[in-house]
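Student: Just so it is clear, I am handing over my_file_37.cif, which has mmCIF, C-alpha atoms, pLDDT in the B column; chains and numbers go by the auth columns.
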```cif
data_input
#
loop_
_atom_site.group_PDB
_atom_site.id
_atom_site.type_symbol
_atom_site.label_atom_id
_atom_site.label_comp_id
_atom_site.label_asym_id
_atom_site.label_seq_id
_atom_site.Cartn_x
_atom_site.Cartn_y
_atom_site.Cartn_z
_atom_site.B_iso_or_equiv
_atom_site.auth_seq_id
_atom_site.auth_asym_id
ATOM 1 C CA MET A 1 -17.135 -9.739 27.360 39.00 16 A
ATOM 2 C CA ALA A 2 -14.332 -9.694 24.838 41.00 17 A
ATOM 3 C CA GLY A 3 -12.487 -6.979 26.764 45.00 18 A
ATOM 4 C CA GLN A 4 -11.844 -9.316 29.689 70.00 19 A
ATOM 5 C CA ALA A 5 -9.117 -11.297 27.899 79.00 20 A
ATOM 6 C CA ARG A 6 -5.573 -9.918 27.773 91.00 21 A
ATOM 7 C CA VAL A 7 -3.543 -10.436 24.616 95.00 22 A
ATOM 8 C CA LEU A 8 -0.309 -8.954 23.233 96.00 23 A
ATOM 9 C CA THR A 9 -0.298 -8.648 19.437 98.00 24 A
ATOM 10 C CA ALA A 10 1.724 -7.693 16.378 98.00 25 A
ATOM 11 C CA GLY A 11 0.922 -7.935 12.690 98.00 26 A
ATOM 12 C CA MET A 12 2.808 -7.553 9.446 98.00 27 A
ATOM 13 C CA THR A 13 2.270 -8.094 5.718 98.00 28 A
ATOM 14 C CA ASP A 14 4.633 -8.155 2.730 98.00 29 A
ATOM 15 C CA VAL A 15 4.164 -8.407 -1.023 97.00 30 A
ATOM 16 C CA GLY A 16 6.693 -11.261 -1.289 97.00 31 A
ATOM 17 C CA ARG A 17 9.272 -11.792 -4.027 97.00 32 A
ATOM 18 C CA LYS A 18 7.132 -12.756 -7.033 94.00 33 A
ATOM 19 C CA ARG A 19 3.952 -10.634 -6.869 92.00 34 A
ATOM 20 C CA THR A 20 3.579 -7.011 -7.961 91.00 35 A
ATOM 21 C CA HIS A 21 0.849 -6.102 -5.470 92.00 36 A
ATOM 22 C CA ASN A 22 -0.405 -7.344 -2.130 96.00 37 A
ATOM 23 C CA GLU A 23 -3.849 -8.995 -2.001 96.00 38 A
ATOM 24 C CA ASP A 24 -3.531 -9.926 1.693 97.00 39 A
ATOM 25 C CA SER A 25 -5.182 -7.797 4.393 98.00 40 A
ATOM 26 C CA TYR A 26 -5.087 -7.981 8.172 98.00 41 A
ATOM 27 C CA ALA A 27 -6.420 -6.107 11.171 98.00 42 A
ATOM 28 C CA ILE A 28 -5.841 -5.890 14.901 98.00 43 A
ATOM 29 C CA VAL A 29 -9.085 -4.542 16.372 97.00 44 A
ATOM 30 C CA GLU A 30 -7.847 -3.968 19.913 95.00 45 A
ATOM 31 C CA ASP A 31 -11.061 -2.588 21.407 94.00 46 A
ATOM 32 C CA GLU A 32 -12.837 -5.832 20.395 95.00 47 A
ATOM 33 C CA ASN A 33 -9.919 -8.256 20.993 95.00 48 A
ATOM 34 C CA LEU A 34 -10.453 -9.326 17.386 98.00 49 A
ATOM 35 C CA TYR A 35 -7.588 -10.377 15.084 98.00 50 A
ATOM 36 C CA LEU A 36 -8.026 -11.009 11.359 98.00 51 A
ATOM 37 C CA VAL A 37 -6.110 -12.224 8.296 98.00 52 A
ATOM 38 C CA ALA A 38 -7.586 -12.435 4.774 98.00 53 A
ATOM 39 C CA ASP A 39 -5.897 -13.611 1.567 97.00 54 A
ATOM 40 C CA GLY A 40 -7.670 -12.334 -1.533 96.00 55 A
ATOM 41 C CA MET A 41 -7.889 -13.907 -4.953 93.00 56 A
ATOM 42 C CA GLY A 42 -9.056 -12.733 -8.352 84.00 57 A
ATOM 43 C CA GLY A 43 -7.493 -10.918 -11.274 68.00 58 A
ATOM 44 C CA HIS A 44 -6.883 -7.183 -11.752 65.00 59 A
ATOM 45 C CA SER A 45 -6.427 -6.518 -8.005 73.00 60 A
ATOM 46 C CA SER A 46 -9.978 -7.655 -7.194 93.00 61 A
ATOM 47 C CA GLY A 47 -8.495 -10.068 -4.627 95.00 62 A
ATOM 48 C CA GLU A 48 -7.299 -7.014 -2.739 96.00 63 A
ATOM 49 C CA VAL A 49 -10.842 -5.601 -2.881 97.00 64 A
ATOM 50 C CA ALA A 50 -12.267 -8.845 -1.472 97.00 65 A
ATOM 51 C CA SER A 51 -9.773 -9.183 1.391 98.00 66 A
ATOM 52 C CA LYS A 52 -10.207 -5.543 2.429 98.00 67 A
ATOM 53 C CA MET A 53 -13.999 -5.887 2.234 98.00 68 A
ATOM 54 C CA ALA A 54 -13.857 -8.957 4.499 98.00 69 A
ATOM 55 C CA ILE A 55 -11.703 -7.168 7.075 98.00 70 A
ATOM 56 C CA GLU A 56 -13.802 -3.991 7.067 98.00 71 A
ATOM 57 C CA THR A 57 -17.102 -5.901 7.287 98.00 72 A
ATOM 58 C CA MET A 58 -15.841 -7.802 10.338 98.00 73 A
ATOM 59 C CA ARG A 59 -14.579 -4.615 11.979 97.00 74 A
ATOM 60 C CA GLU A 60 -17.852 -2.754 11.314 96.00 75 A
ATOM 61 C CA PHE A 61 -20.075 -5.635 12.445 96.00 76 A
ATOM 62 C CA PHE A 62 -18.184 -6.094 15.715 96.00 77 A
ATOM 63 C CA GLN A 63 -18.111 -2.394 16.502 93.00 78 A
ATOM 64 C CA ALA A 64 -21.825 -2.024 15.693 93.00 79 A
ATOM 65 C CA THR A 65 -22.875 -5.007 17.825 92.00 80 A
ATOM 66 C CA SER A 66 -20.564 -3.944 20.644 91.00 81 A
ATOM 67 C CA ALA A 67 -22.056 -0.438 20.742 83.00 82 A
ATOM 68 C CA ASP A 68 -25.619 -1.799 20.514 82.00 83 A
ATOM 69 C CA PRO A 69 -26.023 -5.407 21.734 75.00 84 A
ATOM 70 C CA GLU A 70 -29.707 -5.238 20.719 77.00 85 A
ATOM 71 C CA ALA A 71 -28.811 -4.461 17.078 79.00 86 A
ATOM 72 C CA THR A 72 -30.567 -6.704 14.560 81.00 87 A
ATOM 73 C CA TRP A 73 -28.236 -9.298 13.050 89.00 88 A
ATOM 74 C CA PRO A 74 -28.407 -10.284 9.361 88.00 89 A
ATOM 75 C CA TYR A 75 -28.658 -13.989 10.288 87.00 90 A
ATOM 76 C CA LYS A 76 -30.496 -15.898 12.983 84.00 91 A
ATOM 77 C CA MET A 77 -28.507 -17.151 15.935 87.00 92 A
ATOM 78 C CA ASP A 78 -27.522 -20.810 15.909 88.00 93 A
ATOM 79 C CA LYS A 79 -28.789 -22.208 19.212 88.00 94 A
ATOM 80 C CA THR A 80 -25.976 -24.785 19.279 89.00 95 A
ATOM 81 C CA ARG A 81 -23.391 -21.976 19.521 90.00 96 A
ATOM 82 C CA GLY A 82 -22.721 -19.441 22.281 90.00 97 A
ATOM 83 C CA TYR A 83 -23.285 -15.697 21.828 91.00 98 A
ATOM 84 C CA GLU A 84 -19.712 -14.741 20.901 93.00 99 A
ATOM 85 C CA GLU A 85 -19.304 -17.717 18.555 94.00 100 A
ATOM 86 C CA ASN A 86 -22.545 -16.718 16.823 94.00 101 A
ATOM 87 C CA ARG A 87 -21.226 -13.185 16.564 95.00 102 A
ATOM 88 C CA LEU A 88 -17.982 -14.346 14.953 96.00 103 A
ATOM 89 C CA VAL A 89 -19.675 -16.702 12.478 96.00 104 A
ATOM 90 C CA THR A 90 -22.320 -14.107 11.586 96.00 105 A
ATOM 91 C CA GLY A 91 -19.660 -11.497 10.829 97.00 106 A
ATOM 92 C CA ILE A 92 -17.889 -13.892 8.460 98.00 107 A
ATOM 93 C CA LYS A 93 -21.161 -14.858 6.749 97.00 108 A
ATOM 94 C CA LEU A 94 -22.023 -11.177 6.294 97.00 109 A
ATOM 95 C CA ALA A 95 -18.587 -10.563 4.748 98.00 110 A
ATOM 96 C CA ASN A 96 -19.185 -13.461 2.372 98.00 111 A
ATOM 97 C CA ARG A 97 -22.533 -12.037 1.262 97.00 112 A
ATOM 98 C CA ARG A 98 -21.142 -8.545 0.676 97.00 113 A
ATOM 99 C CA ILE A 99 -18.226 -9.865 -1.396 97.00 114 A
ATOM 100 C CA TYR A 100 -20.476 -12.175 -3.411 97.00 115 A
ATOM 101 C CA GLU A 101 -22.999 -9.408 -4.134 97.00 116 A
ATOM 102 C CA ALA A 102 -20.264 -6.938 -5.141 96.00 117 A
ATOM 103 C CA ALA A 103 -18.807 -9.542 -7.511 95.00 118 A
ATOM 104 C CA GLN A 104 -22.242 -10.081 -9.089 94.00 119 A
ATOM 105 C CA ARG A 105 -22.798 -6.327 -9.525 95.00 120 A
ATOM 106 C CA GLU A 106 -19.477 -5.334 -11.058 93.00 121 A
ATOM 107 C CA SER A 107 -17.995 -7.287 -13.958 90.00 122 A
ATOM 108 C CA ARG A 108 -14.425 -6.223 -13.075 91.00 123 A
ATOM 109 C CA LEU A 109 -14.862 -7.912 -9.680 93.00 124 A
ATOM 110 C CA HIS A 110 -16.439 -11.113 -11.001 91.00 125 A
ATOM 111 C CA GLY A 111 -14.850 -14.211 -9.479 91.00 126 A
ATOM 112 C CA MET A 112 -13.162 -12.405 -6.611 96.00 127 A
ATOM 113 C CA GLY A 113 -12.932 -14.068 -3.228 96.00 128 A
ATOM 114 C CA THR A 114 -10.851 -14.294 -0.094 97.00 129 A
ATOM 115 C CA THR A 115 -9.872 -16.637 2.686 97.00 130 A
ATOM 116 C CA MET A 116 -10.369 -15.535 6.272 98.00 131 A
ATOM 117 C CA VAL A 117 -9.051 -16.539 9.666 98.00 132 A
ATOM 118 C CA CYS A 118 -10.184 -14.748 12.822 98.00 133 A
ATOM 119 C CA LEU A 119 -9.343 -15.006 16.481 98.00 134 A
ATOM 120 C CA LEU A 120 -11.657 -13.453 19.054 97.00 135 A
ATOM 121 C CA ALA A 121 -10.245 -13.409 22.574 96.00 136 A
ATOM 122 C CA VAL A 122 -13.042 -13.884 25.109 92.00 137 A
ATOM 123 C CA ARG A 123 -12.995 -14.527 28.843 85.00 138 A
ATOM 124 C CA ASP A 124 -13.207 -18.315 28.584 83.00 139 A
ATOM 125 C CA GLY A 125 -10.965 -18.846 25.574 93.00 140 A
ATOM 126 C CA ALA A 126 -9.872 -18.069 22.037 96.00 141 A
ATOM 127 C CA LEU A 127 -12.654 -18.345 19.466 97.00 142 A
ATOM 128 C CA ILE A 128 -11.319 -19.138 16.006 98.00 143 A
ATOM 129 C CA GLY A 129 -13.372 -18.782 12.833 98.00 144 A
ATOM 130 C CA HIS A 130 -12.067 -19.700 9.425 97.00 145 A
ATOM 131 C CA VAL A 131 -12.786 -20.251 5.745 97.00 146 A
ATOM 132 C CA GLY A 132 -10.136 -21.202 3.171 95.00 147 A
ATOM 133 C CA ASP A 133 -6.486 -22.198 3.518 94.00 148 A
ATOM 134 C CA SER A 134 -5.133 -19.413 5.704 96.00 149 A
ATOM 135 C CA ARG A 135 -4.161 -20.909 9.048 97.00 150 A
ATOM 136 C CA VAL A 136 -4.072 -20.517 12.804 98.00 151 A
ATOM 137 C CA TYR A 137 -1.253 -22.202 14.691 98.00 152 A
ATOM 138 C CA ARG A 138 -0.762 -22.353 18.450 98.00 153 A
ATOM 139 C CA LEU A 139 2.655 -22.545 20.078 98.00 154 A
ATOM 140 C CA ARG A 140 2.359 -24.003 23.579 98.00 155 A
ATOM 141 C CA GLY A 141 5.677 -24.496 25.308 97.00 156 A
ATOM 142 C CA GLU A 142 7.839 -25.868 22.500 97.00 157 A
ATOM 143 C CA SER A 143 5.011 -27.584 20.607 98.00 158 A
ATOM 144 C CA LEU A 144 3.444 -26.020 17.502 98.00 159 A
ATOM 145 C CA GLU A 145 -0.019 -27.218 16.467 98.00 160 A
ATOM 146 C CA GLN A 146 -2.128 -26.256 13.461 97.00 161 A
ATOM 147 C CA LEU A 147 -5.625 -25.561 14.830 98.00 162 A
ATOM 148 C CA THR A 148 -7.428 -24.922 11.523 97.00 163 A
ATOM 149 C CA GLU A 149 -7.999 -27.354 8.681 93.00 164 A
ATOM 150 C CA ASP A 150 -7.182 -26.186 5.147 92.00 165 A
ATOM 151 C CA HIS A 151 -10.218 -25.979 2.881 84.00 166 A
ATOM 152 C CA SER A 152 -8.101 -26.995 -0.109 69.00 167 A
ATOM 153 C CA LEU A 153 -8.150 -29.600 -2.855 65.00 168 A
ATOM 154 C CA LEU A 154 -4.831 -30.944 -1.593 62.00 169 A
ATOM 155 C CA ASN A 155 -6.187 -31.448 1.919 65.00 170 A
ATOM 156 C CA ASP A 156 -9.285 -33.191 0.505 59.00 171 A
ATOM 157 C CA TYR A 157 -6.999 -35.592 -1.374 58.00 172 A
ATOM 158 C CA ILE A 158 -4.886 -36.214 1.733 65.00 173 A
ATOM 159 C CA LYS A 159 -8.035 -37.078 3.712 70.00 174 A
ATOM 160 C CA MET A 160 -9.344 -39.407 0.992 70.00 175 A
ATOM 161 C CA LYS A 161 -6.161 -41.391 0.484 71.00 176 A
ATOM 162 C CA SER A 162 -2.738 -41.684 2.056 73.00 177 A
ATOM 163 C CA MET A 163 -0.217 -39.623 0.099 69.00 178 A
ATOM 164 C CA THR A 164 3.545 -39.800 0.388 69.00 179 A
ATOM 165 C CA PRO A 165 5.475 -36.599 1.209 72.00 180 A
ATOM 166 C CA GLU A 166 6.736 -36.657 -2.386 72.00 181 A
ATOM 167 C CA GLU A 167 3.180 -36.873 -3.789 65.00 182 A
ATOM 168 C CA ILE A 168 2.121 -33.963 -1.567 59.00 183 A
ATOM 169 C CA GLU A 169 5.150 -31.927 -2.670 67.00 184 A
ATOM 170 C CA ASN A 170 4.409 -32.556 -6.382 65.00 185 A
ATOM 171 C CA PHE A 171 0.615 -32.160 -6.178 61.00 186 A
ATOM 172 C CA PRO A 172 -0.290 -30.093 -9.272 64.00 187 A
ATOM 173 C CA HIS A 173 -3.213 -28.109 -7.783 61.00 188 A
ATOM 174 C CA LYS A 174 -1.773 -26.902 -4.490 62.00 189 A
ATOM 175 C CA ASN A 175 -3.330 -23.461 -4.801 68.00 190 A
ATOM 176 C CA VAL A 176 -6.912 -24.657 -5.396 71.00 191 A
ATOM 177 C CA ILE A 177 -9.153 -23.898 -2.431 78.00 192 A
ATOM 178 C CA VAL A 178 -12.581 -25.473 -2.105 79.00 193 A
ATOM 179 C CA ARG A 179 -14.120 -22.923 0.251 92.00 194 A
ATOM 180 C CA ALA A 180 -13.708 -19.140 0.341 95.00 195 A
ATOM 181 C CA LEU A 181 -15.672 -15.964 0.972 97.00 196 A
ATOM 182 C CA GLY A 182 -17.398 -14.699 -2.176 96.00 197 A
ATOM 183 C CA MET A 183 -17.523 -17.992 -4.094 93.00 198 A
ATOM 184 C CA LYS A 184 -21.209 -18.622 -3.343 95.00 199 A
ATOM 185 C CA GLU A 185 -24.149 -16.751 -1.821 95.00 200 A
ATOM 186 C CA THR A 186 -23.737 -18.671 1.434 96.00 201 A
ATOM 187 C CA VAL A 187 -20.672 -20.156 3.099 97.00 202 A
ATOM 188 C CA LYS A 188 -19.960 -22.761 5.762 96.00 203 A
ATOM 189 C CA VAL A 189 -17.775 -21.341 8.530 97.00 204 A
ATOM 190 C CA ASP A 190 -15.591 -23.537 10.742 96.00 205 A
ATOM 191 C CA ALA A 191 -15.469 -22.334 14.357 97.00 206 A
ATOM 192 C CA ILE A 192 -13.624 -23.735 17.354 96.00 207 A
ATOM 193 C CA LEU A 193 -13.099 -22.639 20.937 96.00 208 A
ATOM 194 C CA ASP A 194 -9.526 -23.170 22.112 97.00 209 A
ATOM 195 C CA ARG A 195 -8.652 -23.040 25.808 96.00 210 A
ATOM 196 C CA PRO A 196 -5.452 -21.017 26.052 96.00 211 A
ATOM 197 C CA ARG A 197 -2.859 -21.128 28.789 95.00 212 A
ATOM 198 C CA PRO A 198 -0.880 -18.033 29.777 94.00 213 A
ATOM 199 C CA GLY A 199 2.061 -17.706 27.393 96.00 214 A
ATOM 200 C CA ASP A 200 0.374 -19.503 24.476 97.00 215 A
ATOM 201 C CA LEU A 201 1.160 -17.875 21.127 98.00 216 A
ATOM 202 C CA TYR A 202 -1.384 -17.890 18.292 98.00 217 A
ATOM 203 C CA ILE A 203 -0.103 -17.344 14.755 98.00 218 A
ATOM 204 C CA LEU A 204 -2.651 -16.300 12.117 98.00 219 A
ATOM 205 C CA CYS A 205 -1.161 -16.415 8.634 98.00 220 A
ATOM 206 C CA SER A 206 -1.833 -16.554 4.912 97.00 221 A
ATOM 207 C CA ASP A 207 -0.537 -19.448 2.848 95.00 222 A
ATOM 208 C CA GLY A 208 2.257 -17.162 1.700 96.00 223 A
ATOM 209 C CA LEU A 209 3.859 -17.968 5.043 98.00 224 A
ATOM 210 C CA ALA A 210 2.562 -21.491 5.703 95.00 225 A
ATOM 211 C CA GLY A 211 3.527 -22.672 2.195 89.00 226 A
ATOM 212 C CA PRO A 212 7.146 -21.515 1.786 96.00 227 A
ATOM 213 C CA ALA A 213 8.052 -21.778 5.487 97.00 228 A
ATOM 214 C CA SER A 214 7.748 -25.202 7.093 96.00 229 A
ATOM 215 C CA ASP A 215 5.984 -25.738 10.402 97.00 230 A
ATOM 216 C CA GLU A 216 9.373 -26.431 11.963 98.00 231 A
ATOM 217 C CA GLU A 217 10.795 -23.143 10.670 98.00 232 A
ATOM 218 C CA ILE A 218 7.768 -21.236 11.999 98.00 233 A
ATOM 219 C CA ARG A 219 8.147 -22.993 15.363 98.00 234 A
ATOM 220 C CA GLU A 220 11.870 -22.174 15.625 98.00 235 A
ATOM 221 C CA ILE A 221 11.274 -18.503 14.814 98.00 236 A
ATOM 222 C CA ALA A 222 8.447 -18.252 17.350 98.00 237 A
ATOM 223 C CA LEU A 223 10.652 -19.835 20.028 98.00 238 A
ATOM 224 C CA GLY A 224 13.615 -17.646 19.132 97.00 239 A
ATOM 225 C CA HIS A 225 11.900 -14.246 19.385 97.00 240 A
ATOM 226 C CA ARG A 226 10.075 -13.010 22.476 93.00 241 A
ATOM 227 C CA ASP A 227 9.307 -9.704 20.741 98.00 242 A
ATOM 228 C CA LEU A 228 6.234 -10.331 18.585 98.00 243 A
ATOM 229 C CA LYS A 229 7.029 -7.712 15.944 98.00 244 A
ATOM 230 C CA GLN A 230 10.507 -9.171 15.487 98.00 245 A
ATOM 231 C CA ALA A 231 9.003 -12.662 15.281 98.00 246 A
ATOM 232 C CA ALA A 232 6.499 -11.595 12.605 98.00 247 A
ATOM 233 C CA GLN A 233 9.289 -9.928 10.608 98.00 248 A
ATOM 234 C CA ALA A 234 11.504 -13.010 10.919 98.00 249 A
ATOM 235 C CA MET A 235 8.670 -15.249 9.659 98.00 250 A
ATOM 236 C CA ILE A 236 8.135 -13.014 6.632 98.00 251 A
ATOM 237 C CA ASP A 237 11.892 -12.928 6.002 98.00 252 A
ATOM 238 C CA LYS A 238 11.992 -16.738 6.104 98.00 253 A
ATOM 239 C CA ALA A 239 9.121 -17.085 3.599 98.00 254 A
ATOM 240 C CA ASN A 240 10.890 -14.625 1.280 98.00 255 A
ATOM 241 C CA ALA A 241 14.247 -16.375 1.732 98.00 256 A
ATOM 242 C CA ASN A 242 12.483 -19.600 0.674 98.00 257 A
ATOM 243 C CA GLY A 243 11.382 -18.004 -2.600 97.00 258 A
ATOM 244 C CA GLY A 244 8.592 -15.659 -1.482 97.00 259 A
ATOM 245 C CA PRO A 245 6.179 -16.900 -4.177 95.00 260 A
ATOM 246 C CA ASP A 246 3.129 -15.206 -2.635 95.00 261 A
ATOM 247 C CA ASN A 247 2.070 -12.318 -0.411 97.00 262 A
ATOM 248 C CA VAL A 248 2.996 -13.033 3.209 98.00 263 A
ATOM 249 C CA THR A 249 0.971 -12.011 6.265 98.00 264 A
ATOM 250 C CA ALA A 250 1.311 -12.918 9.925 98.00 265 A
ATOM 251 C CA VAL A 251 -0.616 -11.740 12.997 98.00 266 A
ATOM 252 C CA LEU A 252 0.786 -12.973 16.315 98.00 267 A
ATOM 253 C CA CYS A 253 -1.262 -13.014 19.528 98.00 268 A
ATOM 254 C CA ARG A 254 0.281 -13.941 22.875 97.00 269 A
ATOM 255 C CA TRP A 255 -2.266 -14.923 25.522 96.00 270 A
ATOM 256 C CA ILE A 256 -1.541 -13.207 28.846 93.00 271 A
ATOM 257 C CA GLY A 257 -4.669 -14.306 30.673 77.00 272 A
ATOM 258 C CA SER A 258 -8.044 -12.975 31.773 71.00 273 A
ATOM 259 C CA SER A 259 -8.512 -9.885 33.906 60.00 274 A
#
```
What would you get if you wrote out this structure as structure tokens?

Tutor:
Amino acid sequence: MAGQARVLTAGMTDVGRKRTHNEDSYAIVEDENLYLVADGMGGHSSGEVASKMAIETMREFFQATSADPEATWPYKMDKTRGYEENRLVTGIKLANRRIYEAAQRESRLHGMGTTMVCLLAVRDGALIGHVGDSRVYRLRGESLEQLTEDHSLLNDYIKMKSMTPEEIENFPHKNVIVRALGMKETVKVDAILDRPRPGDLYILCSDGLAGPASDEEIREIALGHRDLKQAAQAMIDKANANGGPDNVTAVLCRWIGSS
């Protein structure tokens, strides 16, 4: 099913200007039309362990269920979701459980976690699954839209009360996320089905891009570069030019259509 959508992709990650190592991970799993970004957290490089574990669990689960559609899943299917959406959500939930259990087993990994955003290209659309404050944007024509909602303390405050741009800018707990893989034994996964048009560009990114670079800067770069690798590099360069306070990762997916 997933092989019937046609997508052009490029991905890139960078340590940024302030960090000594990169806790972001990403993957382009072409044979499954699956695209992933994870932003790890936790001291002593355990964030890197968590983000890599999330990526590898998703890759393994999709390849196993693709090779054997009758394979037993670790969670029951949600009857309110379609097959592929269930598959995406189940993979993320499995990643959460593996990270949580590893953190419980090993004291050096205690408290580790990671965000995750995924895009699965299927025949009737782009399935997006996400946990945390990494984002998926869609550029359609000249309009850029954020499709995911940040699972962050700042976003919770914005929803509860109207905040001025200055209050948002000076919010003291910008980096606090309220949902991530590995924080608890179970996790709630947000999933949406977007209906792409040929030429639509999806941008999956960690907050190392979406924080330092404004939506308008991301939009201008996406419009100014047809080549996806050049666009990803330009986005990372912009985040670093704006201070590069965090690791920066971008995966770009241009929807060509269905075959």

Student: Which residues, named as in the file, does the PyMOL selection byres ((chain A and resi 39-54) around 9) pick out? Answer as a ChimeraX atom specification.

Tutor: /A:17-22,24-30,37-38,55-56,62-63,65-67,69-71,73-74,77-78,81,128-137,147-150,219-223,262-268

Student: Would you translate the PyMOL selection byres ((chain A and resi 209-213) around 10) into the concrete set of residues it matches in this file, as a ChimeraX atom specification?

Tutor: /A:21-22,134,136,139-143,153,155-156,162,206-208,214-217,269-273

Student: Centre and edge lengths, as JSON, for the axis-aligned box enclosing every listed atom of stretch 71-85 of chain A with 4 Å of padding on each of the six sides, in Å to one decimal?

Tutor:
```
{"center_x": -21.8, "center_y": -4.1, "center_z": 14.4, "size_x": 23.9, "size_y": 15.4, "size_z": 22.7}
```

Student: Restricting the calculation to all atoms listed in the file: of A:Val204, A:Leu243, A:Ala254, A:Ala79, which residue gets closest to A:Asn101?

Tutor: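 Going through A:Val204, A:Leu243, A:Ala254, A:Ala79 one by one, the smallest distance to A:Asn101 is for A:Val204.
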
Student: Taking 5 positions as the minimum chain separation for residues in the same chain, which residues sit within 10 Å of A:Arg102 when counting all atoms listed in the file? Answer as a list in words.

Tutor: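 The filter keeps Met73, Phe76, Phe77, Thr80, Trp88, Tyr90, Met92, Asp93, Arg96, Gly97, Ile107, Lys108 and Leu135 of chain A.
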
Student: Take atom CA of A:Gly31 and atom CA of A:Ala247 and report the distance between them in Å, one decimal.

Tutor: 13.9 Å

Student: Determine, counting only C-alpha atoms, which protein, DNA and RNA residues have an atom within 8 Å of an atom of stretch 109-111 of chain A; residues of the same chain fewer than 3 positions away are not included. Present the result as a PyMOL selection string.

Tutor: chain A and resi 68-69+72-73+89+105-106+114-115+196-197+199-202

Student: Taking only C-alpha atoms into account, name the residue in A:Val64, A:Ala117, A:Ile233, A:Ala249 that is nearest to A:Tyr152.

Tutor: A:Ile233

Student: At what distance in Å, to one decimal, does atom CA of A:Ala195 lie from atom CA of A:Gly57?

Tutor: 11.8 Å

Student: Measuring atom to atom with only C-alpha atoms, identify which of A:Ser60, A:Ser158, A:Ser177, A:Thr95 is nearest to A:His125.

Tutor: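 With only C-alpha atoms as the atom set, the closest residue is A:Ser60.
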
Student: Rounded to one decimal, what separation in Å do you get between atom CA of A:Glu164 and atom CA of A:Lys203?

Tutor: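 Going from atom CA of A:Glu164 over to atom CA of A:Lys203 covers 13.1 Å.
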
Student: Would you kindly translate the PyMOL selection byres ((chain A and resi 260) around 8) into the concrete residues it picks from this file, as a count of residues only?

Tutor: 11
